[in-house]
>>> print(open('entry30.tsv').read())   # TSV, N, CA and C atoms
chain	number	residue	atom	x	y	z
A	11	MET	N	0.84	-1.18	0.00
A	11	MET	CA	0.00	0.00	0.00
A	11	MET	C	0.89	1.25	0.00
A	12	ALA	N	0.71	2.08	-0.96
A	12	ALA	CA	1.49	3.32	-1.06
A	12	ALA	C	0.93	4.37	-0.11
A	13	PHE	N	1.82	5.22	0.37
A	13	PHE	CA	1.40	6.33	1.23
A	13	PHE	C	2.35	7.49	1.04
A	14	THR	N	1.93	8.66	1.49
A	14	THR	CA	2.75	9.86	1.41
A	14	THR	C	3.28	10.17	2.79
A	15	LEU	N	4.58	10.44	2.85
A	15	LEU	CA	5.25	10.75	4.11
A	15	LEU	C	5.93	12.11	3.99
A	16	ALA	N	5.81	12.92	5.02
A	16	ALA	CA	6.50	14.21	5.08
A	16	ALA	C	7.50	14.16	6.23
A	17	LEU	N	8.71	14.62	5.96
A	17	LEU	CA	9.75	14.70	6.98
A	17	LEU	C	10.26	16.13	7.05
A	18	ARG	N	10.58	16.58	8.26
A	18	ARG	CA	11.13	17.92	8.46
A	18	ARG	C	12.54	17.82	8.99
A	19	ARG	N	13.35	18.75	8.54
A	19	ARG	CA	14.71	18.88	9.03
A	19	ARG	C	15.02	20.37	9.17
A	20	ARG	N	15.86	20.68	10.12
A	20	ARG	CA	16.31	22.06	10.31
A	20	ARG	C	17.80	22.13	10.03
A	21	PHE	N	18.24	23.30	9.57
A	21	PHE	CA	19.66	23.52	9.38
A	21	PHE	C	19.94	25.01	9.52
A	22	VAL	N	21.20	25.32	9.76
A	22	VAL	CA	21.66	26.69	9.92
A	22	VAL	C	22.64	26.96	8.79
A	23	ALA	N	22.47	28.06	8.09
A	23	ALA	CA	23.39	28.39	7.01
A	23	ALA	C	23.36	29.89	6.73
A	24	ASP	N	24.50	30.39	6.26
A	24	ASP	CA	24.64	31.77	5.82
A	24	ASP	C	24.53	31.83	4.31
A	25	HIS	N	24.18	33.02	3.83
A	25	HIS	CA	24.22	33.28	2.39
A	25	HIS	C	24.25	34.78	2.16
A	26	PHE	N	24.54	35.15	0.93
A	26	PHE	CA	24.44	36.54	0.51
A	26	PHE	C	23.97	36.54	-0.93
A	27	HIS	N	23.48	37.68	-1.37
A	27	HIS	CA	22.99	37.82	-2.74
A	27	HIS	C	23.85	38.87	-3.43
A	28	ASP	N	24.37	38.52	-4.61
A	28	ASP	CA	25.26	39.45	-5.29
A	28	ASP	C	25.06	39.49	-6.80
A	29	LEU	N	23.89	39.17	-7.24
A	29	LEU	CA	23.61	39.23	-8.67
A	29	LEU	C	22.83	40.52	-8.99
A	30	PRO	N	22.94	41.03	-10.20
A	30	PRO	CA	22.23	42.27	-10.54
A	30	PRO	C	20.74	42.17	-10.19
A	31	GLY	N	20.25	43.20	-9.57
A	31	GLY	CA	18.84	43.24	-9.19
A	31	GLY	C	18.54	42.64	-7.83
A	32	PHE	N	19.48	41.94	-7.24
A	32	PHE	CA	19.24	41.32	-5.94
A	32	PHE	C	20.57	41.23	-5.21
A	33	VAL	N	20.90	42.27	-4.46
A	33	VAL	CA	22.14	42.34	-3.72
A	33	VAL	C	21.80	42.49	-2.24
A	34	GLU	N	22.44	41.66	-1.41
A	34	GLU	CA	22.20	41.69	0.03
A	34	GLU	C	23.45	41.15	0.72
A	35	ALA	N	23.84	41.77	1.82
A	35	ALA	CA	25.04	41.38	2.55
A	35	ALA	C	24.88	39.97	3.15
A	36	ARG	N	26.01	39.39	3.51
A	36	ARG	CA	26.02	38.05	4.12
A	36	ARG	C	25.22	38.09	5.42
A	37	HIS	N	24.37	37.09	5.58
A	37	HIS	CA	23.56	36.94	6.78
A	37	HIS	C	23.17	35.47	6.91
A	38	GLY	N	22.67	35.08	8.06
A	38	GLY	CA	22.32	33.68	8.28
A	38	GLY	C	20.87	33.49	8.66
A	39	HIS	N	20.45	32.24	8.57
A	39	HIS	CA	19.08	31.86	8.93
A	39	HIS	C	19.09	30.52	9.64
A	40	ASN	N	18.07	30.30	10.42
A	40	ASN	CA	17.74	28.97	10.93
A	40	ASN	C	16.65	28.46	9.99
A	41	TRP	N	17.06	27.69	9.00
A	41	TRP	CA	16.19	27.23	7.94
A	41	TRP	C	15.39	26.01	8.40
A	42	GLU	N	14.25	25.79	7.76
A	42	GLU	CA	13.49	24.56	7.98
A	42	GLU	C	13.07	24.01	6.63
A	43	LEU	N	13.26	22.73	6.47
A	43	LEU	CA	12.92	22.05	5.22
A	43	LEU	C	11.87	20.98	5.53
A	44	GLU	N	10.86	20.90	4.69
A	44	GLU	CA	9.87	19.82	4.79
A	44	GLU	C	9.78	19.18	3.42
A	45	ALA	N	10.04	17.89	3.38
A	45	ALA	CA	10.00	17.15	2.12
A	45	ALA	C	8.89	16.10	2.19
A	46	THR	N	8.22	15.91	1.07
A	46	THR	CA	7.13	14.95	0.96
A	46	THR	C	7.46	13.96	-0.15
A	47	ALA	N	7.27	12.68	0.15
A	47	ALA	CA	7.53	11.64	-0.85
A	47	ALA	C	6.43	10.59	-0.80
A	48	SER	N	6.18	9.99	-1.94
A	48	SER	CA	5.26	8.87	-2.02
A	48	SER	C	6.10	7.60	-1.88
A	49	LEU	N	5.75	6.80	-0.90
A	49	LEU	CA	6.50	5.57	-0.62
A	49	LEU	C	5.62	4.36	-0.87
A	50	GLY	N	6.24	3.31	-1.36
A	50	GLY	CA	5.50	2.08	-1.64
A	50	GLY	C	5.29	1.23	-0.41
A	51	SER	N	6.16	1.41	0.60
A	51	SER	CA	6.03	0.65	1.84
A	51	SER	C	6.80	1.35	2.95
A	52	GLU	N	6.55	0.92	4.17
A	52	GLU	CA	7.26	1.49	5.31
A	52	GLU	C	8.76	1.23	5.23
A	53	ALA	N	9.17	0.20	4.52
A	53	ALA	CA	10.58	-0.13	4.39
A	53	ALA	C	11.35	0.97	3.67
A	54	GLU	N	10.67	1.81	2.90
A	54	GLU	CA	11.33	2.89	2.16
A	54	GLU	C	11.56	4.14	3.02
A	55	GLU	N	10.99	4.17	4.21
A	55	GLU	CA	11.15	5.35	5.07
A	55	GLU	C	12.61	5.62	5.40
A	56	GLY	N	13.38	4.58	5.65
A	56	GLY	CA	14.79	4.75	5.99
A	56	GLY	C	15.58	5.39	4.87
A	57	ALA	N	15.32	4.98	3.64
A	57	ALA	CA	16.02	5.55	2.49
A	57	ALA	C	15.65	7.02	2.30
A	58	PHE	N	14.39	7.34	2.51
A	58	PHE	CA	13.92	8.72	2.41
A	58	PHE	C	14.62	9.59	3.47
A	59	ALA	N	14.63	9.13	4.71
A	59	ALA	CA	15.27	9.88	5.79
A	59	ALA	C	16.77	10.04	5.55
A	60	ALA	N	17.42	8.98	5.07
A	60	ALA	CA	18.86	9.03	4.82
A	60	ALA	C	19.19	10.02	3.70
A	61	ALA	N	18.41	10.02	2.63
A	61	ALA	CA	18.65	10.94	1.53
A	61	ALA	C	18.43	12.39	1.97
A	62	LEU	N	17.40	12.62	2.76
A	62	LEU	CA	17.14	13.96	3.26
A	62	LEU	C	18.25	14.41	4.21
A	63	ASP	N	18.67	13.53	5.09
A	63	ASP	CA	19.75	13.85	6.02
A	63	ASP	C	21.06	14.15	5.28
A	64	ALA	N	21.32	13.44	4.20
A	64	ALA	CA	22.54	13.67	3.42
A	64	ALA	C	22.51	15.06	2.79
A	65	TRP	N	21.36	15.47	2.27
A	65	TRP	CA	21.27	16.80	1.67
A	65	TRP	C	21.47	17.88	2.74
A	66	VAL	N	20.82	17.70	3.88
A	66	VAL	CA	20.96	18.68	4.96
A	66	VAL	C	22.41	18.75	5.44
A	67	ALA	N	23.09	17.62	5.55
A	67	ALA	CA	24.48	17.61	6.00
A	67	ALA	C	25.37	18.44	5.07
A	68	ASP	N	25.02	18.49	3.79
A	68	ASP	CA	25.82	19.26	2.83
A	68	ASP	C	25.64	20.77	2.98
A	69	VAL	N	24.54	21.22	3.55
A	69	VAL	CA	24.27	22.66	3.67
A	69	VAL	C	24.37	23.18	5.10
A	70	ASP	N	24.30	22.30	6.08
A	70	ASP	CA	24.26	22.73	7.48
A	70	ASP	C	25.58	23.39	7.89
A	71	TYR	N	25.45	24.56	8.50
A	71	TYR	CA	26.59	25.35	8.98
A	71	TYR	C	27.57	25.68	7.86
A	72	ARG	N	27.05	26.02	6.71
A	72	ARG	CA	27.88	26.36	5.56
A	72	ARG	C	27.50	27.74	5.04
A	73	LEU	N	28.40	28.33	4.28
A	73	LEU	CA	28.09	29.50	3.47
A	73	LEU	C	27.56	28.96	2.15
A	74	LEU	N	26.28	29.11	1.91
A	74	LEU	CA	25.64	28.49	0.76
A	74	LEU	C	26.27	28.93	-0.56
A	75	ASN	N	26.75	30.15	-0.64
A	75	ASN	CA	27.37	30.65	-1.87
A	75	ASN	C	28.60	29.86	-2.25
A	76	ASP	N	29.24	29.18	-1.29
A	76	ASP	CA	30.45	28.40	-1.55
A	76	ASP	C	30.16	27.00	-2.10
A	77	LEU	N	28.92	26.57	-2.11
A	77	LEU	CA	28.59	25.21	-2.54
A	77	LEU	C	28.61	25.11	-4.07
A	78	PRO	N	29.34	24.14	-4.61
A	78	PRO	CA	29.40	23.98	-6.08
A	78	PRO	C	28.03	23.83	-6.73
A	79	ALA	N	27.10	23.18	-6.07
A	79	ALA	CA	25.77	22.96	-6.65
A	79	ALA	C	24.98	24.27	-6.79
A	80	LEU	N	25.41	25.31	-6.10
A	80	LEU	CA	24.70	26.59	-6.16
A	80	LEU	C	25.53	27.67	-6.87
A	81	ALA	N	26.64	27.28	-7.46
A	81	ALA	CA	27.56	28.23	-8.08
A	81	ALA	C	26.86	29.11	-9.12
A	82	GLY	N	27.14	30.40	-9.04
A	82	GLY	CA	26.60	31.33	-10.02
A	82	GLY	C	25.15	31.70	-9.83
A	83	ARG	N	24.55	31.24	-8.75
A	83	ARG	CA	23.12	31.51	-8.48
A	83	ARG	C	22.99	32.13	-7.10
A	84	ASN	N	22.03	32.99	-6.91
A	84	ASN	CA	21.73	33.48	-5.58
A	84	ASN	C	21.05	32.35	-4.81
A	85	PRO	N	21.61	31.97	-3.66
A	85	PRO	CA	21.04	30.84	-2.90
A	85	PRO	C	19.79	31.26	-2.12
A	86	THR	N	18.69	31.29	-2.82
A	86	THR	CA	17.40	31.65	-2.24
A	86	THR	C	16.67	30.42	-1.72
A	87	ALA	N	15.61	30.64	-0.98
A	87	ALA	CA	14.77	29.53	-0.52
A	87	ALA	C	14.22	28.76	-1.73
A	88	GLU	N	13.91	29.47	-2.79
A	88	GLU	CA	13.38	28.83	-4.00
A	88	GLU	C	14.41	27.86	-4.59
A	89	LEU	N	15.65	28.32	-4.69
A	89	LEU	CA	16.70	27.48	-5.26
A	89	LEU	C	17.00	26.29	-4.35
A	90	LEU	N	17.02	26.51	-3.06
A	90	LEU	CA	17.27	25.40	-2.13
A	90	LEU	C	16.17	24.35	-2.22
A	91	ALA	N	14.92	24.78	-2.33
A	91	ALA	CA	13.81	23.83	-2.45
A	91	ALA	C	13.96	23.01	-3.73
A	92	GLN	N	14.32	23.68	-4.83
A	92	GLN	CA	14.51	22.99	-6.10
A	92	GLN	C	15.65	21.98	-6.01
A	93	ARG	N	16.78	22.38	-5.46
A	93	ARG	CA	17.94	21.49	-5.37
A	93	ARG	C	17.67	20.30	-4.45
A	94	ALA	N	16.98	20.54	-3.35
A	94	ALA	CA	16.66	19.43	-2.44
A	94	ALA	C	15.72	18.43	-3.12
A	95	LEU	N	14.73	18.93	-3.85
A	95	LEU	CA	13.82	18.04	-4.57
A	95	LEU	C	14.58	17.22	-5.61
A	96	GLU	N	15.48	17.88	-6.35
A	96	GLU	CA	16.29	17.17	-7.34
A	96	GLU	C	17.17	16.11	-6.68
A	97	HIS	N	17.72	16.42	-5.52
A	97	HIS	CA	18.56	15.46	-4.80
A	97	HIS	C	17.75	14.22	-4.42
A	98	LEU	N	16.56	14.43	-3.89
A	98	LEU	CA	15.72	13.30	-3.47
A	98	LEU	C	15.31	12.45	-4.67
A	99	ARG	N	14.95	13.09	-5.75
A	99	ARG	CA	14.56	12.34	-6.95
A	99	ARG	C	15.76	11.61	-7.52
A	100	GLY	N	16.94	12.23	-7.44
A	100	GLY	CA	18.17	11.58	-7.90
A	100	GLY	C	18.54	10.37	-7.06
A	101	ALA	N	18.04	10.32	-5.82
A	101	ALA	CA	18.28	9.19	-4.94
A	101	ALA	C	17.26	8.07	-5.20
A	102	GLY	N	16.44	8.24	-6.23
A	102	GLY	CA	15.48	7.20	-6.60
A	102	GLY	C	14.17	7.28	-5.85
A	103	LEU	N	13.92	8.37	-5.17
A	103	LEU	CA	12.68	8.52	-4.41
A	103	LEU	C	11.62	9.22	-5.25
A	104	ASP	N	10.37	8.91	-4.97
A	104	ASP	CA	9.25	9.59	-5.62
A	104	ASP	C	8.92	10.83	-4.79
A	105	ALA	N	9.89	11.78	-4.77
A	105	ALA	CA	9.72	13.02	-4.01
A	105	ALA	C	8.67	13.87	-4.70
A	106	ARG	N	7.71	14.34	-3.94
A	106	ARG	CA	6.61	15.11	-4.49
A	106	ARG	C	6.78	16.61	-4.32
A	107	ALA	N	7.33	17.03	-3.16
A	107	ALA	CA	7.46	18.46	-2.89
A	107	ALA	C	8.50	18.69	-1.81
A	108	VAL	N	9.12	19.86	-1.89
A	108	VAL	CA	10.03	20.31	-0.84
A	108	VAL	C	9.68	21.76	-0.54
A	109	LYS	N	9.50	22.04	0.72
A	109	LYS	CA	9.23	23.40	1.19
A	109	LYS	C	10.41	23.82	2.05
A	110	VAL	N	10.98	24.99	1.75
A	110	VAL	CA	12.09	25.53	2.53
A	110	VAL	C	11.64	26.85	3.14
A	111	ARG	N	11.72	26.92	4.45
A	111	ARG	CA	11.36	28.14	5.18
A	111	ARG	C	12.63	28.85	5.59
A	112	GLU	N	12.74	30.10	5.14
A	112	GLU	CA	13.91	30.93	5.44
A	112	GLU	C	13.70	31.71	6.74
A	113	LYS	N	12.50	32.19	6.94
A	113	LYS	CA	12.11	32.87	8.17
A	113	LYS	C	10.61	32.67	8.35
A	114	ALA	N	10.09	33.12	9.47
A	114	ALA	CA	8.71	32.80	9.83
A	114	ALA	C	7.70	33.12	8.72
A	115	ASN	N	7.90	34.21	8.01
A	115	ASN	CA	6.92	34.63	7.02
A	115	ASN	C	7.41	34.50	5.59
A	116	TYR	N	8.45	33.69	5.37
A	116	TYR	CA	8.99	33.56	4.01
A	116	TYR	C	9.38	32.11	3.76
A	117	TRP	N	8.75	31.50	2.76
A	117	TRP	CA	9.08	30.13	2.39
A	117	TRP	C	8.84	29.93	0.90
A	118	ALA	N	9.43	28.87	0.38
A	118	ALA	CA	9.26	28.52	-1.03
A	118	ALA	C	8.92	27.04	-1.12
A	119	LEU	N	8.07	26.70	-2.06
A	119	LEU	CA	7.66	25.32	-2.29
A	119	LEU	C	7.98	24.94	-3.72
A	120	CYS	N	8.64	23.80	-3.88
A	120	CYS	CA	8.94	23.27	-5.20
A	120	CYS	C	8.28	21.90	-5.29
A	121	ARG	N	7.49	21.70	-6.33
A	121	ARG	CA	6.79	20.43	-6.54
A	121	ARG	C	7.31	19.73	-7.77
A	122	SER	N	7.30	18.41	-7.73
A	122	SER	CA	7.69	17.65	-8.91
A	122	SER	C	6.55	17.69	-9.92
A	123	GLY	N	6.86	17.36	-11.17
A	123	GLY	CA	5.87	17.40	-12.22
A	123	GLY	C	4.71	16.46	-12.01
A	124	ASN	N	4.91	15.40	-11.21
A	124	ASN	CA	3.82	14.43	-11.00
A	124	ASN	C	3.12	14.61	-9.67
A	125	ALA	N	3.38	15.73	-8.96
A	125	ALA	CA	2.71	15.97	-7.67
A	125	ALA	C	1.25	16.35	-7.92
A	126	ARG	N	0.43	15.96	-7.00
A	126	ARG	CA	-1.00	16.27	-7.11
A	126	ARG	C	-1.39	17.34	-6.13
>>> encode(input="entry30.tsv", output="structure tokens")
Amino acid sequence: MAFTLALRRRFVADHFHDLPGFVEARHGHNWELEATASLGSEAEEGAFAAALDAWVADVDYRLLNDLPALAGRNPTAELLAQRALEHLRGAGLDARAVKVREKANYWALCRSGNAR
């Protein structure tokens, strides 16, 4: 029986914006990520959690601008949500959506093409 599972993770990271039209000095956030995946069985929960934890480990306590996966882009909540979703799908998961909260009143949601 398939079901949808959502997992949340928190991480701390700094970033700055330096592209034309969007410039902002280096600052940090206590980010929150919520990822949703469709799983075929409870046995897949471990793989989902491990893939999510691996992505968070790559960004936690980092300057996001220094990450090769974000090179040349302003590391916004929108971009982080997109990259996290791509990471989960690349791990073979049926990831449906990733929501990244930058602050209490600002978040971005990225959905896969097959999300309902």
>>> atom_distance(input="entry30.tsv", atom1="atom C of His25 (chain A)", atom2="atom N of Asn75 (chain A)")
6.0 Å
>>> select_by_dssp(input="entry30.tsv", residues="chain A", states="strand (DSSP E)", output="PyMOL selection string")
chain A and resi 13-29+32-49+72-73+104-113+116-121
>>> atom_distance(input="entry30.tsv", atom1="atom C of Val69 (chain A)", atom2="atom C of Arg20 (chain A)")
8.3 Å
>>> closest_atom_pairs(input="entry30.tsv", of="region 43-122 of chain A", to="region 28-33 of chain A", cutoff="8 Å", atoms="only N, CA and C atoms", output="tab-separated table")
residue	atom	partner	partner_atom	distance
A:Gly82	C	A:Leu29	CA	7.8
A:Arg83	C	A:Asp28	N	7.0
A:Asn84	CA	A:Asp28	N	5.8
A:Pro85	N	A:Asp28	N	7.2
>>> residues_around(input="entry30.tsv", residues="Asn40 (chain A)", least_positions_apart="2", cutoff="5 Å", atoms="all atoms listed in the file", output="number ranges by chain")
A: 21-22, 38, 42
>>> atom_distance(input="entry30.tsv", atom1="atom N of Ala101 (chain A)", atom2="atom C of Tyr116 (chain A)")
25.3 Å
>>> residues_around(input="entry30.tsv", residues="region 49-61 of chain A", least_positions_apart="6", cutoff="6.5 Å", atoms="only N, CA and C atoms", output="list in words")
Met11, Ala12, Phe13, Thr14, Leu15, Leu98 and Asp104 of chain A
>>> write_last_selection(input="entry30.tsv", atoms="N, CA and C atoms", output="compact mmCIF listing (two decimals), in the coordinates of the input")
# COMPACT_ATOMS: atom_id res chain seq x y z
N MET A 11 0.84 -1.18 0.00
CA MET A 11 0.00 0.00 0.00
C MET A 11 0.89 1.25 0.00
N ALA A 12 0.71 2.08 -0.96
CA ALA A 12 1.49 3.32 -1.06
C ALA A 12 0.93 4.37 -0.11
N PHE A 13 1.82 5.22 0.37
CA PHE A 13 1.40 6.33 1.23
C PHE A 13 2.35 7.49 1.04
N THR A 14 1.93 8.66 1.49
CA THR A 14 2.75 9.86 1.41
C THR A 14 3.28 10.17 2.79
N LEU A 15 4.58 10.44 2.85
CA LEU A 15 5.25 10.75 4.11
C LEU A 15 5.93 12.11 3.99
N LEU A 98 16.56 14.43 -3.89
CA LEU A 98 15.72 13.30 -3.47
C LEU A 98 15.31 12.45 -4.67
N ASP A 104 10.37 8.91 -4.97
CA ASP A 104 9.25 9.59 -5.62
C ASP A 104 8.92 10.83 -4.79
>>> closest_residue(input="entry30.tsv", among="A:Arg72, A:Arg121, A:Arg19, A:Arg93", to="Ala105 (chain A)", atoms="all atoms listed in the file")
A:Arg121
>>> closest_residue(input="entry30.tsv", among="A:Ala47, A:Val110, A:Leu90, A:Leu73", to="Ser122 (chain A)", atoms="only C-alpha atoms")
A:Ala47
>>> closest_residue(input="entry30.tsv", among="A:Glu88, A:Asp63, A:Asp24, A:Asp76", to="Trp117 (chain A)", atoms="all atoms listed in the file")
A:Glu88
>>> select_by_dssp(input="entry30.tsv", residues="chain A", states="helix (DSSP H, G or I)", output="mmCIF file with N, CA and C atoms, in the coordinates of the input")
data_model
loop_
_atom_site.group_PDB
_atom_site.id
_atom_site.type_symbol
_atom_site.label_atom_id
_atom_site.label_comp_id
_atom_site.auth_asym_id
_atom_site.auth_seq_id
_atom_site.Cartn_x
_atom_site.Cartn_y
_atom_site.Cartn_z
ATOM 1 N N GLU A 52 6.550 0.920 4.170
ATOM 2 C CA GLU A 52 7.260 1.490 5.310
ATOM 3 C C GLU A 52 8.760 1.230 5.230
ATOM 4 N N ALA A 53 9.170 0.200 4.520
ATOM 5 C CA ALA A 53 10.580 -0.130 4.390
ATOM 6 C C ALA A 53 11.350 0.970 3.670
ATOM 7 N N GLU A 54 10.670 1.810 2.900
ATOM 8 C CA GLU A 54 11.330 2.890 2.160
ATOM 9 C C GLU A 54 11.560 4.140 3.020
ATOM 10 N N GLU A 55 10.990 4.170 4.210
ATOM 11 C CA GLU A 55 11.150 5.350 5.070
ATOM 12 C C GLU A 55 12.610 5.620 5.400
ATOM 13 N N GLY A 56 13.380 4.580 5.650
ATOM 14 C CA GLY A 56 14.790 4.750 5.990
ATOM 15 C C GLY A 56 15.580 5.390 4.870
ATOM 16 N N ALA A 57 15.320 4.980 3.640
ATOM 17 C CA ALA A 57 16.020 5.550 2.490
ATOM 18 C C ALA A 57 15.650 7.020 2.300
ATOM 19 N N PHE A 58 14.390 7.340 2.510
ATOM 20 C CA PHE A 58 13.920 8.720 2.410
ATOM 21 C C PHE A 58 14.620 9.590 3.470
ATOM 22 N N ALA A 59 14.630 9.130 4.710
ATOM 23 C CA ALA A 59 15.270 9.880 5.790
ATOM 24 C C ALA A 59 16.770 10.040 5.550
ATOM 25 N N ALA A 60 17.420 8.980 5.070
ATOM 26 C CA ALA A 60 18.860 9.030 4.820
ATOM 27 C C ALA A 60 19.190 10.020 3.700
ATOM 28 N N ALA A 61 18.410 10.020 2.630
ATOM 29 C CA ALA A 61 18.650 10.940 1.530
ATOM 30 C C ALA A 61 18.430 12.390 1.970
ATOM 31 N N LEU A 62 17.400 12.620 2.760
ATOM 32 C CA LEU A 62 17.140 13.960 3.260
ATOM 33 C C LEU A 62 18.250 14.410 4.210
ATOM 34 N N ASP A 63 18.670 13.530 5.090
ATOM 35 C CA ASP A 63 19.750 13.850 6.020
ATOM 36 C C ASP A 63 21.060 14.150 5.280
ATOM 37 N N ALA A 64 21.320 13.440 4.200
ATOM 38 C CA ALA A 64 22.540 13.670 3.420
ATOM 39 C C ALA A 64 22.510 15.060 2.790
ATOM 40 N N TRP A 65 21.360 15.470 2.270
ATOM 41 C CA TRP A 65 21.270 16.800 1.670
ATOM 42 C C TRP A 65 21.470 17.880 2.740
ATOM 43 N N VAL A 66 20.820 17.700 3.880
ATOM 44 C CA VAL A 66 20.960 18.680 4.960
ATOM 45 C C VAL A 66 22.410 18.750 5.440
ATOM 46 N N ALA A 67 23.090 17.620 5.550
ATOM 47 C CA ALA A 67 24.480 17.610 6.000
ATOM 48 C C ALA A 67 25.370 18.440 5.070
ATOM 49 N N ASP A 68 25.020 18.490 3.790
ATOM 50 C CA ASP A 68 25.820 19.260 2.830
ATOM 51 C C ASP A 68 25.640 20.770 2.980
ATOM 52 N N VAL A 69 24.540 21.220 3.550
ATOM 53 C CA VAL A 69 24.270 22.660 3.670
ATOM 54 C C VAL A 69 24.370 23.180 5.100
ATOM 55 N N LEU A 74 26.280 29.110 1.910
ATOM 56 C CA LEU A 74 25.640 28.490 0.760
ATOM 57 C C LEU A 74 26.270 28.930 -0.560
ATOM 58 N N ASN A 75 26.750 30.150 -0.640
ATOM 59 C CA ASN A 75 27.370 30.650 -1.870
ATOM 60 C C ASN A 75 28.600 29.860 -2.250
ATOM 61 N N ASP A 76 29.240 29.180 -1.290
ATOM 62 C CA ASP A 76 30.450 28.400 -1.550
ATOM 63 C C ASP A 76 30.160 27.000 -2.100
ATOM 64 N N PRO A 78 29.340 24.140 -4.610
ATOM 65 C CA PRO A 78 29.400 23.980 -6.080
ATOM 66 C C PRO A 78 28.030 23.830 -6.730
ATOM 67 N N ALA A 79 27.100 23.180 -6.070
ATOM 68 C CA ALA A 79 25.770 22.960 -6.650
ATOM 69 C C ALA A 79 24.980 24.270 -6.790
ATOM 70 N N LEU A 80 25.410 25.310 -6.100
ATOM 71 C CA LEU A 80 24.700 26.590 -6.160
ATOM 72 C C LEU A 80 25.530 27.670 -6.870
ATOM 73 N N ALA A 87 15.610 30.640 -0.980
ATOM 74 C CA ALA A 87 14.770 29.530 -0.520
ATOM 75 C C ALA A 87 14.220 28.760 -1.730
ATOM 76 N N GLU A 88 13.910 29.470 -2.790
ATOM 77 C CA GLU A 88 13.380 28.830 -4.000
ATOM 78 C C GLU A 88 14.410 27.860 -4.590
ATOM 79 N N LEU A 89 15.650 28.320 -4.690
ATOM 80 C CA LEU A 89 16.700 27.480 -5.260
ATOM 81 C C LEU A 89 17.000 26.290 -4.350
ATOM 82 N N LEU A 90 17.020 26.510 -3.060
ATOM 83 C CA LEU A 90 17.270 25.400 -2.130
ATOM 84 C C LEU A 90 16.170 24.350 -2.220
ATOM 85 N N ALA A 91 14.920 24.780 -2.330
ATOM 86 C CA ALA A 91 13.810 23.830 -2.450
ATOM 87 C C ALA A 91 13.960 23.010 -3.730
ATOM 88 N N GLN A 92 14.320 23.680 -4.830
ATOM 89 C CA GLN A 92 14.510 22.990 -6.100
ATOM 90 C C GLN A 92 15.650 21.980 -6.010
ATOM 91 N N ARG A 93 16.780 22.380 -5.460
ATOM 92 C CA ARG A 93 17.940 21.490 -5.370
ATOM 93 C C ARG A 93 17.670 20.300 -4.450
ATOM 94 N N ALA A 94 16.980 20.540 -3.350
ATOM 95 C CA ALA A 94 16.660 19.430 -2.440
ATOM 96 C C ALA A 94 15.720 18.430 -3.120
ATOM 97 N N LEU A 95 14.730 18.930 -3.850
ATOM 98 C CA LEU A 95 13.820 18.040 -4.570
ATOM 99 C C LEU A 95 14.580 17.220 -5.610
ATOM 100 N N GLU A 96 15.480 17.880 -6.350
ATOM 101 C CA GLU A 96 16.290 17.170 -7.340
ATOM 102 C C GLU A 96 17.170 16.110 -6.680
ATOM 103 N N HIS A 97 17.720 16.420 -5.520
ATOM 104 C CA HIS A 97 18.560 15.460 -4.800
ATOM 105 C C HIS A 97 17.750 14.220 -4.420
ATOM 106 N N LEU A 98 16.560 14.430 -3.890
ATOM 107 C CA LEU A 98 15.720 13.300 -3.470
ATOM 108 C C LEU A 98 15.310 12.450 -4.670
ATOM 109 N N ARG A 99 14.950 13.090 -5.750
ATOM 110 C CA ARG A 99 14.560 12.340 -6.950
ATOM 111 C C ARG A 99 15.760 11.610 -7.520
ATOM 112 N N GLY A 100 16.940 12.230 -7.440
ATOM 113 C CA GLY A 100 18.170 11.580 -7.900
ATOM 114 C C GLY A 100 18.540 10.370 -7.060
#
>>> closest_residue(input="entry30.tsv", among="A:Ala114, A:Arg18, A:Thr46, A:His39", to="Leu74 (chain A)", atoms="only C-alpha atoms")
A:His39
>>> axis_aligned_box(input="entry30.tsv", around="region 98-115 of chain A", padding_each_side="8 Å", output="AutoDock Vina command-line options")
--center_x 12.6 --center_y 20.9 --center_z 1.0 --size_x 27.9 --size_y 43.4 --size_z 33.7
